[in-house]
Amino acid sequence: MIGALLRRTRDVVFDSFRIWWLAPVIPLIAVLPEFAQHVAEVQLGMFDSIEQARAVANGPTRWAFGYAKIAGLVVAILAAVRFWAARRQGVTWWSPKGIAWRVLALGIGANIAISVLGSLLESAVAGLTDTAAVAITSLFTLATLPLIILVVAGFAGDREASLRSVYITGWPATLRILGFSALVIAPLMWLHTLNHQWAMGAPPVLLWALMIFDSLVVGLLAVGWGTAIEHGYRPLGDDDRSDSVSPTGIIVPT
């Protein structure tokens with residue numbers, strides 16, 4: 001079990017980079033909006049000084065690009081999930097045929113319902129002590145974690161997934177997804193934050209180099225997160241390294 005977990009961890013790291021040459025359009029979905037936002041930020045003088053950065057950080061222009069950036073990040077994450085799942089199905093990653101649409105709809109519906117219930121719960125515990133409120137909301141979050149698996153199952157093409165199955169067998173996958181996601185997110189978000197600190201007051205040539213580098217970091221964050229989700233969803237031991245993959249994501253038997 002430990003050996004299989006270590007091998008899967010290695011695969012998460014390795015495949016987060018490998019997807020860049022197997023399907024380069026996927027990281028670009030996140031990279032291009034990120035760089036477009038950086039262009040706007042430079043024009044707004046955001047990296048001239050801390051004071052200017054604070055002044056424009058929540059401005060409408062930056063947020064207009066920010067919404068596109070968030071959309072690109074989400075789409076790239078989901079595309080990476082779909083890429084690795086489609087690779088095992090023998091279809092192109094952009095094909096809708098491999099998606100389990102019923103499971104996906106169930107997962108989205110369940111998570112919307114949980115979001116509504118979560119908002120109602122926040123109102124209900126508002127009069128309690130901080131300790132009690134945190135305990136109740138934490139238990140609620142923990143109890144509903146497997147529902148995320150339904151959305152992943154839909155994108156992964158698992159037509160057998162159901163509300164019952166994710167609560168019976170979905171806990172290990174949930175924990176793997178959380179662990180692998182943290183492995184990707186923590187260092188890259190640290191680097192993303194540090195890069196902005198380096199850019200503050202930097203001369204133009206260095207500033208633009210940092211903006212390009214940061215856009216690539218965000219692209220790696222997106223595809224790495226998607227890879228972590230898909231690799232965490234699959235049971236340990238379910239590894240197929242005997243196939244070679246064409247740039248379109250189609251399995252080519254060897």
# chains A, B, ... in the order shown; residues from 1 in each chain; ligands from 1
>>> closest_atom_pairs(of="region 28-91 of chain A", to="region 216-238 of chain A", cutoff="9 Å", atoms="only C-alpha atoms", output="JSON lines")
{"residue": "A:Leu28", "atom": "CA", "partner": "A:Gly219", "partner_atom": "CA", "distance": 6.6}
{"residue": "A:Ile29", "atom": "CA", "partner": "A:Gly219", "partner_atom": "CA", "distance": 7.7}
{"residue": "A:Ala30", "atom": "CA", "partner": "A:Gly219", "partner_atom": "CA", "distance": 5.1}
{"residue": "A:Val31", "atom": "CA", "partner": "A:Gly219", "partner_atom": "CA", "distance": 4.9}
{"residue": "A:Leu32", "atom": "CA", "partner": "A:Gly219", "partner_atom": "CA", "distance": 8.7}
{"residue": "A:Glu34", "atom": "CA", "partner": "A:Val218", "partner_atom": "CA", "distance": 7.3}
{"residue": "A:Phe35", "atom": "CA", "partner": "A:Leu216", "partner_atom": "CA", "distance": 8.8}
{"residue": "A:Gly72", "atom": "CA", "partner": "A:Ala222", "partner_atom": "CA", "distance": 8.9}
{"residue": "A:Leu73", "atom": "CA", "partner": "A:Ala222", "partner_atom": "CA", "distance": 5.7}
{"residue": "A:Val74", "atom": "CA", "partner": "A:Ala222", "partner_atom": "CA", "distance": 7.5}
{"residue": "A:Val75", "atom": "CA", "partner": "A:Ala222", "partner_atom": "CA", "distance": 8.6}
{"residue": "A:Ala76", "atom": "CA", "partner": "A:Ala222", "partner_atom": "CA", "distance": 5.8}
{"residue": "A:Ile77", "atom": "CA", "partner": "A:Gly226", "partner_atom": "CA", "distance": 4.3}
{"residue": "A:Leu78", "atom": "CA", "partner": "A:Gly226", "partner_atom": "CA", "distance": 6.1}
{"residue": "A:Ala79", "atom": "CA", "partner": "A:Gly226", "partner_atom": "CA", "distance": 7.4}
{"residue": "A:Ala80", "atom": "CA", "partner": "A:Gly226", "partner_atom": "CA", "distance": 4.8}
{"residue": "A:Val81", "atom": "CA", "partner": "A:Gly226", "partner_atom": "CA", "distance": 4.8}
{"residue": "A:Arg82", "atom": "CA", "partner": "A:Glu230", "partner_atom": "CA", "distance": 8.0}
{"residue": "A:Phe83", "atom": "CA", "partner": "A:Thr227", "partner_atom": "CA", "distance": 8.7}
{"residue": "A:Trp84", "atom": "CA", "partner": "A:Glu230", "partner_atom": "CA", "distance": 6.8}
{"residue": "A:Ala85", "atom": "CA", "partner": "A:Glu230", "partner_atom": "CA", "distance": 7.1}
>>> atom_distance(atom1="CA of Ala71 (chain A)", atom2="CA of Phe14 (chain A)")
25.2 Å
>>> residues_around(residues="region 98-111 of chain A", least_positions_apart="3", cutoff="12 Å", atoms="only C-alpha atoms", output="MDAnalysis selection string")
chainID A and resid 78:79 81:95 114:118 141 144:166
>>> residues_around(residues="Leu191 (chain A)", least_positions_apart="5", cutoff="9 Å", atoms="only C-alpha atoms", output="ChimeraX atom specification")
/A:186,196,214,217
>>> write_last_selection(atoms="all heavy atoms", output="compact mmCIF listing (two decimals), in the first residue's frame")
# COMPACT_ATOMS: atom_id res chain seq x y z
N ALA A 186 0.27 23.73 -2.52
CA ALA A 186 1.08 24.42 -1.51
C ALA A 186 2.37 25.03 -2.08
O ALA A 186 2.60 26.24 -1.93
CB ALA A 186 1.39 23.47 -0.35
N HIS A 196 5.22 37.55 -7.02
CA HIS A 196 4.67 38.90 -6.96
C HIS A 196 5.52 39.81 -6.08
O HIS A 196 5.65 41.01 -6.36
CB HIS A 196 3.23 38.86 -6.43
CG HIS A 196 2.22 38.50 -7.49
ND1 HIS A 196 2.19 37.26 -8.09
CD2 HIS A 196 1.23 39.22 -8.06
CE1 HIS A 196 1.22 37.23 -8.98
NE2 HIS A 196 0.62 38.41 -8.99
N ASP A 214 5.45 33.68 -13.96
CA ASP A 214 4.30 33.49 -13.08
C ASP A 214 3.12 32.89 -13.84
O ASP A 214 2.38 32.06 -13.29
CB ASP A 214 3.88 34.83 -12.47
CG ASP A 214 2.85 34.66 -11.38
OD1 ASP A 214 3.15 34.01 -10.36
OD2 ASP A 214 1.70 35.16 -11.54
N VAL A 217 3.72 29.31 -14.01
CA VAL A 217 3.47 28.70 -12.70
C VAL A 217 1.98 28.43 -12.52
O VAL A 217 1.57 27.36 -12.05
CB VAL A 217 4.00 29.60 -11.57
CG1 VAL A 217 3.49 29.13 -10.20
CG2 VAL A 217 5.52 29.62 -11.57
